[in-house]
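*Asks:* Got a file for you: upload-v2.cif, mmCIF, C-alpha atoms.
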```cif
data_my_file
loop_
_atom_site.label_atom_id
_atom_site.label_comp_id
_atom_site.auth_asym_id
_atom_site.auth_seq_id
_atom_site.Cartn_x
_atom_site.Cartn_y
_atom_site.Cartn_z
CA MET N 1 -100.09 45.48 60.15
CA TRP N 2 -97.81 43.29 62.34
CA PHE N 3 -95.20 43.35 59.68
CA ARG N 4 -95.17 47.11 59.56
CA LEU N 5 -95.01 47.46 63.36
CA ASN N 6 -92.03 45.08 63.62
CA PHE N 7 -90.03 46.23 60.57
CA PRO N 8 -88.00 48.88 62.42
CA LEU N 9 -87.19 46.31 65.12
CA ILE N 10 -85.97 43.80 62.54
CA THR N 11 -83.82 46.46 60.92
CA LEU N 12 -82.30 47.39 64.27
CA LEU N 13 -81.55 43.77 65.09
CA SER N 14 -79.92 43.32 61.70
CA ILE N 15 -77.66 46.32 62.24
CA LEU N 16 -76.68 45.10 65.71
CA ALA N 17 -75.93 41.62 64.34
CA LEU N 18 -73.77 43.10 61.56
CA GLY N 19 -71.89 45.22 64.05
CA THR N 20 -71.29 42.19 66.25
CA ALA N 21 -70.07 40.15 63.25
CA GLN N 22 -67.66 42.93 62.29
CA GLN N 23 -66.29 43.02 65.78
CA THR N 24 -65.68 39.28 65.80
CA ALA N 25 -64.54 38.97 62.14
CA SER N 26 -61.03 37.51 61.71
CA PRO N 27 -58.30 39.58 60.07
CA SER N 28 -57.42 38.78 56.45
CA ILE N 29 -54.95 39.88 53.79
CA VAL N 30 -57.11 41.39 51.07
CA PHE N 31 -54.27 42.53 48.78
CA ILE N 32 -50.56 41.99 48.26
CA SER N 33 -48.40 43.33 45.43
CA PRO N 34 -47.80 41.01 42.47
CA GLU N 35 -44.32 39.71 41.54
CA GLN N 36 -41.80 42.51 41.05
CA ILE N 37 -38.89 42.45 38.57
CA LYS N 38 -36.32 45.21 38.99
CA ASP N 39 -32.79 46.13 37.99
CA THR N 40 -30.05 46.85 40.50
CA GLY N 41 -30.27 50.45 41.66
CA ASP N 42 -34.06 50.63 41.14
CA ARG N 43 -36.76 51.23 43.77
CA VAL N 44 -39.60 48.86 44.65
CA THR N 45 -42.82 49.24 46.63
CA LEU N 46 -44.47 46.20 48.26
CA ASN N 47 -47.99 46.71 49.61
CA CYS N 48 -49.90 44.48 52.01
CA SER N 49 -53.52 45.44 52.84
CA ILE N 50 -55.16 43.96 55.97
CA ALA N 51 -58.87 43.93 56.74
CA ASN N 52 -60.01 43.75 60.38
CA VAL N 53 -56.47 44.23 61.59
CA LYS N 54 -57.58 45.34 65.08
CA ASN N 55 -54.75 44.73 67.53
CA TYR N 56 -53.12 41.91 65.62
CA ILE N 57 -49.39 42.25 64.88
CA VAL N 58 -48.47 42.50 61.19
CA GLY N 59 -44.93 42.15 59.86
CA TRP N 60 -42.78 41.66 56.75
CA GLN N 61 -40.30 38.78 56.55
CA LYS N 62 -37.79 37.89 53.79
CA SER N 63 -36.46 34.48 52.72
CA ASN N 64 -34.74 32.98 49.67
CA ARG N 65 -36.53 30.60 47.33
CA ASP N 66 -33.76 28.00 47.63
CA ARG N 67 -33.42 28.42 51.42
CA THR N 68 -36.92 29.10 52.68
CA LYS N 69 -36.10 27.94 56.20
CA GLU N 70 -33.63 30.81 56.56
CA SER N 71 -35.55 34.08 56.98
CA ASN N 72 -34.96 37.66 58.15
CA ILE N 73 -37.50 39.90 59.86
CA ILE N 74 -37.88 43.20 57.97
CA SER N 75 -40.59 44.87 60.06
CA LEU N 76 -42.78 44.23 63.08
CA GLY N 77 -45.95 46.26 63.44
CA VAL N 78 -45.17 49.79 62.23
CA GLN N 79 -41.46 49.54 63.11
CA LEU N 80 -38.59 48.47 60.86
CA ALA N 81 -36.36 45.70 62.16
CA VAL N 82 -33.51 46.53 59.75
CA THR N 83 -31.09 49.41 60.12
CA GLU N 84 -30.30 50.08 56.46
CA ASP N 85 -31.44 53.49 55.21
CA ARG N 86 -32.53 51.87 51.94
CA PHE N 87 -35.61 50.43 53.69
CA ALA N 88 -38.73 52.38 54.67
CA LEU N 89 -42.14 51.36 56.05
CA ASN N 90 -45.30 53.42 55.57
CA PHE N 91 -48.48 52.65 57.52
CA THR N 92 -51.93 53.99 56.62
CA LYS N 93 -55.43 53.04 57.70
CA GLU N 94 -58.68 53.77 55.90
CA ASN N 95 -62.05 52.57 57.20
CA ASN N 96 -61.43 48.94 58.19
CA THR N 97 -58.33 48.37 56.04
CA ALA N 98 -54.72 48.93 57.09
CA ASN N 99 -51.88 49.21 54.56
CA TYR N 100 -48.31 48.19 55.37
CA VAL N 101 -46.14 49.50 52.52
CA LEU N 102 -42.50 48.39 52.37
CA GLU N 103 -40.17 50.45 50.18
CA ILE N 104 -36.63 49.48 49.16
CA HIS N 105 -34.35 52.01 47.46
CA ASP N 106 -31.13 51.38 45.52
CA ILE N 107 -31.86 47.66 45.10
CA VAL N 108 -28.91 45.25 45.25
CA ASN N 109 -28.63 41.59 44.23
CA THR N 110 -29.19 40.28 47.74
CA ASP N 111 -32.58 42.04 47.97
CA ALA N 112 -34.03 39.38 45.66
CA GLY N 113 -36.21 36.87 47.45
CA LEU N 114 -39.64 36.06 48.88
CA TYR N 115 -41.26 38.84 50.94
CA GLU N 116 -43.98 37.48 53.21
CA CYS N 117 -46.67 39.62 54.83
CA GLN N 118 -47.72 37.98 58.12
CA ILE N 119 -50.59 38.43 60.57
CA GLN N 120 -49.77 36.80 63.89
CA VAL N 121 -53.15 35.40 64.97
CA ASN N 122 -51.84 33.63 68.08
CA SER N 123 -48.70 31.91 69.32
CA THR N 124 -49.19 28.93 67.00
CA SER N 125 -50.87 30.26 63.85
CA LYS N 126 -50.50 33.10 61.40
CA ILE N 127 -52.01 34.31 58.12
CA THR N 128 -49.51 34.94 55.30
CA LYS N 129 -49.21 35.98 51.68
CA THR N 130 -46.00 36.26 49.66
CA VAL N 131 -44.67 38.45 46.87
CA GLU N 132 -41.41 37.64 45.07
CA LEU N 133 -38.86 40.29 44.17
CA GLN N 134 -36.59 39.37 41.27
CA VAL N 135 -33.48 41.47 40.66
CA ARG N 136 -31.82 41.33 37.27
CA HIS N 137 -28.10 40.79 37.78
CA PRO N 138 -25.19 38.94 36.20
CA PRO N 139 -24.65 35.31 37.17
CA ILE N 140 -22.63 34.44 40.25
CA LEU N 141 -21.25 30.91 40.58
CA LEU N 142 -21.73 29.57 44.09
CA GLU N 143 -18.90 28.07 46.09
CA ASN N 144 -18.89 24.28 46.07
CA GLN N 145 -19.22 22.39 49.32
CA HIS N 146 -16.12 20.46 48.27
CA SER N 147 -12.73 21.52 46.97
CA ASN N 148 -12.28 22.69 43.39
CA ILE N 149 -9.75 19.86 43.03
CA ILE N 150 -11.27 16.41 42.50
CA THR N 151 -9.05 13.32 42.75
CA LYS N 152 -10.18 9.95 41.41
CA ALA N 153 -8.50 6.67 40.48
CA GLU N 154 -8.37 5.54 36.87
CA GLY N 155 -11.59 3.65 36.05
CA GLU N 156 -13.71 5.42 38.66
CA ASP N 157 -16.59 7.82 37.93
CA ALA N 158 -16.59 11.55 38.69
CA VAL N 159 -19.27 14.24 38.85
CA LEU N 160 -18.26 17.88 38.44
CA VAL N 161 -20.87 20.30 39.84
CA CYS N 162 -21.45 24.03 39.35
CA ARG N 163 -24.46 26.06 40.51
CA ALA N 164 -25.17 29.72 39.91
CA GLU N 165 -27.44 32.50 41.09
CA GLY N 166 -28.71 35.30 38.88
CA TYR N 167 -31.78 36.64 37.15
CA PRO N 168 -32.82 35.59 34.60
CA ARG N 169 -31.77 32.11 35.72
CA PRO N 170 -28.29 31.42 34.28
CA THR N 171 -27.42 28.52 32.03
CA ILE N 172 -24.19 26.63 32.74
CA THR N 173 -21.85 25.34 30.03
CA TRP N 174 -18.83 23.06 30.51
CA LYS N 175 -15.60 23.01 28.53
CA ARG N 176 -12.00 21.84 28.90
CA GLU N 177 -8.80 23.82 28.95
CA TYR N 178 -7.50 24.73 25.48
CA SER N 179 -10.96 23.75 24.10
CA ALA N 180 -9.94 20.08 24.22
CA ILE N 181 -12.57 17.45 23.48
CA LEU N 182 -14.60 16.44 26.52
CA PRO N 183 -14.42 12.77 27.61
CA ILE N 184 -18.11 12.42 26.65
CA GLY N 185 -17.47 13.99 23.24
CA GLY N 186 -17.76 17.49 21.85
CA GLN N 187 -16.14 20.68 23.10
CA THR N 188 -19.04 21.93 25.27
CA ILE N 189 -22.06 20.59 27.13
CA ALA N 190 -24.82 22.38 29.09
CA GLY N 191 -26.04 21.53 32.60
CA ASN N 192 -25.23 21.98 36.27
CA GLU N 193 -23.39 18.64 36.37
CA LEU N 194 -20.74 17.05 34.18
CA LYS N 195 -20.78 13.27 34.67
CA LEU N 196 -17.67 11.34 33.63
CA ASN N 197 -17.75 7.56 33.75
CA GLY N 198 -14.79 5.18 33.65
CA LEU N 199 -12.08 7.82 33.95
CA ARG N 200 -8.91 7.50 31.92
CA ARG N 201 -5.60 9.22 32.60
CA GLU N 202 -6.19 11.33 29.48
CA ASP N 203 -9.25 12.85 31.18
CA ARG N 204 -7.19 14.63 33.82
CA GLY N 205 -6.79 18.37 33.58
CA THR N 206 -8.72 21.61 34.07
CA TYR N 207 -12.44 21.90 33.35
CA TYR N 208 -14.34 25.19 33.23
CA CYS N 209 -17.98 25.86 34.02
CA LEU N 210 -19.37 29.07 32.56
CA ALA N 211 -22.62 30.67 33.80
CA ASP N 212 -24.41 33.16 31.53
CA ASN N 213 -27.83 34.83 31.60
CA GLY N 214 -27.37 37.67 29.12
CA VAL N 215 -26.92 40.27 31.87
CA GLY N 216 -23.41 41.61 32.31
CA LYS N 217 -20.43 39.31 31.93
CA PRO N 218 -20.54 35.52 32.36
CA ASP N 219 -18.95 34.02 35.47
CA THR N 220 -16.37 31.25 35.12
CA LYS N 221 -14.91 28.75 37.55
CA ALA N 222 -12.09 26.22 37.10
CA ILE N 223 -12.23 22.69 38.51
CA THR N 224 -9.13 20.50 38.40
CA LEU N 225 -9.66 16.78 37.84
CA GLU N 226 -6.77 14.58 38.98
CA VAL N 227 -6.75 10.96 37.82
CA GLU N 228 -4.46 8.61 39.70
CA PHE N 229 -2.72 5.94 37.61
CA ALA N 230 0.20 3.54 37.94
CA PRO N 231 3.61 4.42 36.44
CA VAL N 232 4.23 3.92 32.75
CA ILE N 233 7.91 3.84 31.76
CA SER N 234 9.40 4.62 28.37
CA VAL N 235 13.10 4.35 27.52
CA PRO N 236 14.24 6.58 24.64
CA ARG N 237 17.37 4.44 24.10
CA PRO N 238 17.00 0.85 25.36
CA LYS N 239 20.52 0.06 24.07
CA VAL N 240 23.31 2.59 24.52
CA ALA N 241 26.87 2.24 23.19
CA GLN N 242 29.96 4.08 24.40
CA ALA N 243 33.72 3.80 24.26
CA ILE N 244 35.85 3.33 27.36
CA ASP N 245 36.91 6.52 29.21
CA TYR N 246 34.00 8.55 27.86
CA ASP N 247 30.90 9.78 29.69
CA ILE N 248 27.38 8.56 28.88
CA GLU N 249 23.80 9.10 30.08
CA LEU N 250 21.05 6.48 30.57
CA VAL N 251 17.54 7.94 30.43
CA CYS N 252 14.25 6.66 31.84
CA VAL N 253 10.97 8.61 31.32
CA VAL N 254 8.11 7.92 33.77
CA GLN N 255 4.51 9.07 33.51
CA ALA N 256 2.45 8.61 36.71
CA PHE N 257 0.14 10.28 39.22
CA PRO N 258 0.75 10.74 42.09
CA ALA N 259 4.42 11.51 41.43
CA PRO N 260 6.39 8.26 41.50
CA SER N 261 9.45 7.19 43.44
CA ILE N 262 12.15 6.31 40.90
CA SER N 263 15.22 4.15 41.59
CA TRP N 264 18.00 2.65 39.47
CA PHE N 265 19.42 -0.83 40.04
CA ARG N 266 22.61 -2.51 38.85
CA ASN N 267 23.21 -6.21 39.41
CA GLY N 268 20.29 -6.31 41.85
CA ASN N 269 21.64 -3.44 43.98
CA GLN N 270 20.16 0.05 44.17
CA MET N 271 22.40 2.74 42.75
CA HIS N 272 23.18 6.02 44.52
CA ASN N 273 24.93 9.25 43.71
CA GLY N 274 28.68 9.12 44.10
CA GLY N 275 31.77 7.78 42.46
CA ALA N 276 31.24 7.24 38.75
CA TYR N 277 27.45 7.78 38.97
CA SER N 278 25.36 10.96 39.05
CA ILE N 279 21.57 10.47 39.27
CA SER N 280 19.13 13.32 38.61
CA GLN N 281 15.39 13.70 38.08
CA THR N 282 13.44 16.42 36.29
CA GLY N 283 9.68 16.95 36.38
CA SER N 284 7.66 18.36 33.49
CA PRO N 285 3.97 18.93 32.65
CA ASP N 286 1.56 16.04 32.14
CA ASP N 287 2.92 14.24 35.22
CA VAL N 288 6.13 13.21 33.44
CA THR N 289 9.41 12.68 35.32
CA THR N 290 12.71 12.11 33.53
CA SER N 291 15.38 10.23 35.47
CA VAL N 292 18.99 10.25 34.22
CA VAL N 293 22.02 8.24 35.29
CA LYS N 294 25.26 9.83 34.13
CA ILE N 295 28.30 7.54 34.10
CA HIS N 296 31.61 9.35 34.22
CA SER N 297 34.56 7.83 32.34
CA VAL N 298 33.00 4.53 31.38
CA ALA N 299 35.05 1.52 32.48
CA PRO N 300 34.68 -2.17 31.45
CA GLU N 301 32.80 -2.96 34.70
CA HIS N 302 30.09 -0.43 33.78
CA PHE N 303 28.85 -2.35 30.77
CA GLY N 304 25.66 -4.38 31.21
CA ASP N 305 22.02 -3.93 32.20
CA TYR N 306 20.58 -1.09 34.28
CA ILE N 307 17.02 -1.33 35.69
CA CYS N 308 14.83 1.74 36.16
CA LYS N 309 12.01 1.14 38.67
CA ALA N 310 9.08 3.48 39.43
CA SER N 311 6.27 3.09 41.96
CA ASN N 312 3.40 5.07 43.51
CA LYS N 313 0.28 4.25 45.56
CA VAL N 314 -1.46 2.85 42.47
CA GLY N 315 1.20 0.47 41.16
CA GLN N 316 4.74 0.02 39.86
CA ALA N 317 6.70 -0.61 36.67
CA GLU N 318 10.27 -1.15 35.52
CA ALA N 319 12.34 -0.94 32.33
CA ARG N 320 15.79 -2.06 31.25
CA VAL N 321 18.63 -0.11 29.61
CA ASN N 322 21.67 -1.96 28.25
CA LEU N 323 25.06 -0.26 28.04
CA PHE N 324 27.56 -1.96 25.75
CA GLU N 325 31.05 -1.18 24.51
CA GLN N 326 32.07 0.18 21.14
CA SER N 327 35.47 1.32 19.98
CA VAL N 328 34.37 4.67 18.53
CA PRO N 329 33.04 7.25 21.05
CA ASN N 330 29.31 7.94 20.95
CA ILE N 331 29.19 11.45 19.47
CA ASN N 332 25.37 11.59 19.82
CA PHE N 333 25.87 12.14 23.52
CA SER N 334 26.36 15.82 24.32
CA GLY N 335 28.38 15.11 27.46
CA LEU N 336 31.47 13.67 25.86
CA LYS N 337 34.49 14.05 28.13
CA TRP N 338 37.29 16.49 27.39
CA SER N 339 40.82 15.15 26.90
CA ASN N 340 43.98 17.27 27.40
CA GLY N 341 42.06 20.52 27.10
CA ALA N 342 40.36 19.56 23.82
CA PRO N 343 36.87 18.18 23.35
CA ALA N 344 36.64 14.46 22.72
CA SER N 345 34.97 15.25 19.44
CA ASN N 346 38.26 16.82 18.31
CA VAL N 347 40.08 13.65 19.36
CA LEU N 348 37.64 11.67 17.26
CA LEU N 349 38.29 13.92 14.29
CA GLY N 350 42.01 13.26 14.74
CA HIS N 351 41.35 9.49 14.66
CA CYS N 352 39.31 9.91 11.51
CA PHE N 353 42.10 11.98 9.90
CA ILE N 354 44.67 9.26 10.64
CA VAL N 355 42.38 6.59 9.17
CA ALA N 356 41.87 8.70 6.04
CA ILE N 357 45.64 9.20 5.52
CA THR N 358 46.20 5.47 5.97
CA LEU N 359 43.57 4.62 3.35
CA LEU N 360 45.11 7.15 0.96
CA LEU N 361 48.62 5.65 1.36
CA VAL N 362 47.27 2.14 0.76
CA THR N 363 45.58 3.35 -2.40
CA LEU N 364 48.73 5.01 -3.72
CA LEU N 365 50.83 1.92 -3.07
#
```
For this file, write the structure as C-alpha cells.
*Replies:*
Amino acid sequence: MWFRLNFPLITLLSILALGTAQQTASPSIVFISPEQIKDTGDRVTLNCSIANVKNYIVGWQKSNRDRTKESNIISLGVQLAVTEDRFALNFTKENNTANYVLEIHDIVNTDAGLYECQIQVNSTSKITKTVELQVRHPPILLENQHSNIITKAEGEDAVLVCRAEGYPRPTITWKREYSAILPIGGQTIAGNELKLNGLRREDRGTYYCLADNGVGKPDTKAITLEVEFAPVISVPRPKVAQAIDYDIELVCVVQAFPAPSISWFRNGNQMHNGGAYSISQTGSPDDVTTSVVKIHSVAPEHFGDYICKASNKVGQAEARVNLFEQSVPNINFSGLKWSNGAPASNVLLGHCFIVAITLLLVTLL
C-alpha cells in the first residue's frame, strides 16, 4: 500500500532529476565525418554534430599534418571566418543536437589538411574531433631551406635532400645528368635523401630528384654538387722543338675547382704579355682551363725550361715545358710565321726541293 501511494512521487522525482542532469550535462561531439578523399574540383561536406551545445561556441579550424602548430580559423559559431565563396556553413538543430556542416566547393590542392571541430568549454579547455581531407593531386617538390647548389671539399660527405607534397604520397627517385652512374652505384635510387660519402672530383655535377605519385606529371628538381679540389696539370707536349725565327706555342692544361690562378715562369721570373710573348687562357667544361704561351720569332735566348704554375684555395701544382732548337721548322704547329708574303710551310717545301735536287745530282755523278 505504501509503495503504491509513493510511486507517483518517485516517478516525479526521477523526471526532475533527469531534467536537472540534462541541464548540467557537458557538451560533446557525437559525430564527425570520416576521412574524405577527393579530386581537385570536387565538393566535400564535413559534418560535426554536438550534443548539449547550449551556449558554448563551436568552430571549425584547419591545419596541415606536417605543420599542426600552424592553423587557420574557418568558422566561429554560425559565421564563416573565411571570405572565399567556395566555403559555406550550414547550421541546424534538432532536439538536443546541433549540426555544423562545412561545405567546400571546387576543391584545390591547398584545401587538403586536418579539419578540427572545436567546442570552447572555457578559456583554457576545449573538446575537439578531427577529420582529414585528402586531395588527389600531382606531386610538388618543396623548396629546400638551403640553396640548390651544394659545395663540398674533396673527401667530405654530402647529403642531397628533396621533399614533396601530393596525394597519394609521392615517391622520390634520384639520378644524375646524362643517366651517369651514381657515386653509390646504379643509375637511380629511391628516397628523400641521397647520401654521398668521401666525395671525389668525379662526383661533381648535376643531380635530379624526381617525385611521382601516378597523378599527373612527375615533378623534377636539379641540384648542383660542386666538389672543390686542388689543381691537376697536364702538358700535352712536355718537350717542344722549333727552328729560330719561327713562332711556337707552349700549352698547359689545368683541371681544378674553384677556377685556378695560372702563371708562367722563366728562369724564376713570372712572364707577362708583351714583347715576344703572348699569354692567353681558355676555359672549357669540366673545370678545365687551357693556358697558352705563344713565342713570336723564336730566338736563341728563348730556348730552355718554362714552368706553368696553378693554384686555388685547395692547393697548387706546377709542370715543366722544355723548348729546344731544331734546324727544320716545326710544321705541326699551326702558327708558323709567314716569310716574304709566303707561308713558312712553302719555304720549307723549297728547302726540301733543294735537298732533293742535290741528292739527285750526287746520284748521277
*Asks:* What separation in Å, quoted to one decimal, exists between atom CA of Gly186 of chain N and atom CA of Leu160 of chain N?
*Replies:* 16.6 Å
*Asks:* Carefully work through the PyMOL selection byres ((chain N and resi 37) around 9) for this structure and note down the residues it includes, as a list of chain:residue names.
*Replies:*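 What the PyMOL selection byres ((chain N and resi 37) around 9) grabs from the file is N:Glu35, N:Gln36, N:Lys38, N:Asp39, N:Val44, N:Glu132, N:Leu133, N:Gln134, N:Val135, N:Arg136.
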*Asks:* Taking the file as shown, find all residues satisfying the PyMOL selection byres ((chain N and resi 203) around 10) and write them as a list of chain:residue names.
*Replies:* N:Glu154, N:Arg176, N:Ile181, N:Leu182, N:Pro183, N:Ile184, N:Leu196, N:Gly198, N:Leu199, N:Arg200, N:Arg201, N:Glu202, N:Arg204, N:Gly205, N:Thr206, N:Tyr207, N:Leu225, N:Glu226, N:Val227
*Asks:* Translate the PyMOL selection byres ((chain N and resi 305) around 6) into a concrete residue list for this structure, as a ChimeraX atom specification.
*Replies:* /N:304,306,321-322
*Asks:* Atom CA of Thr97 of chain N and atom CA of Tyr115 of chain N are how many Å apart?
*Replies:*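 Interatomic distance, atom CA of Thr97 of chain N to atom CA of Tyr115 of chain N: 20.2 Å.
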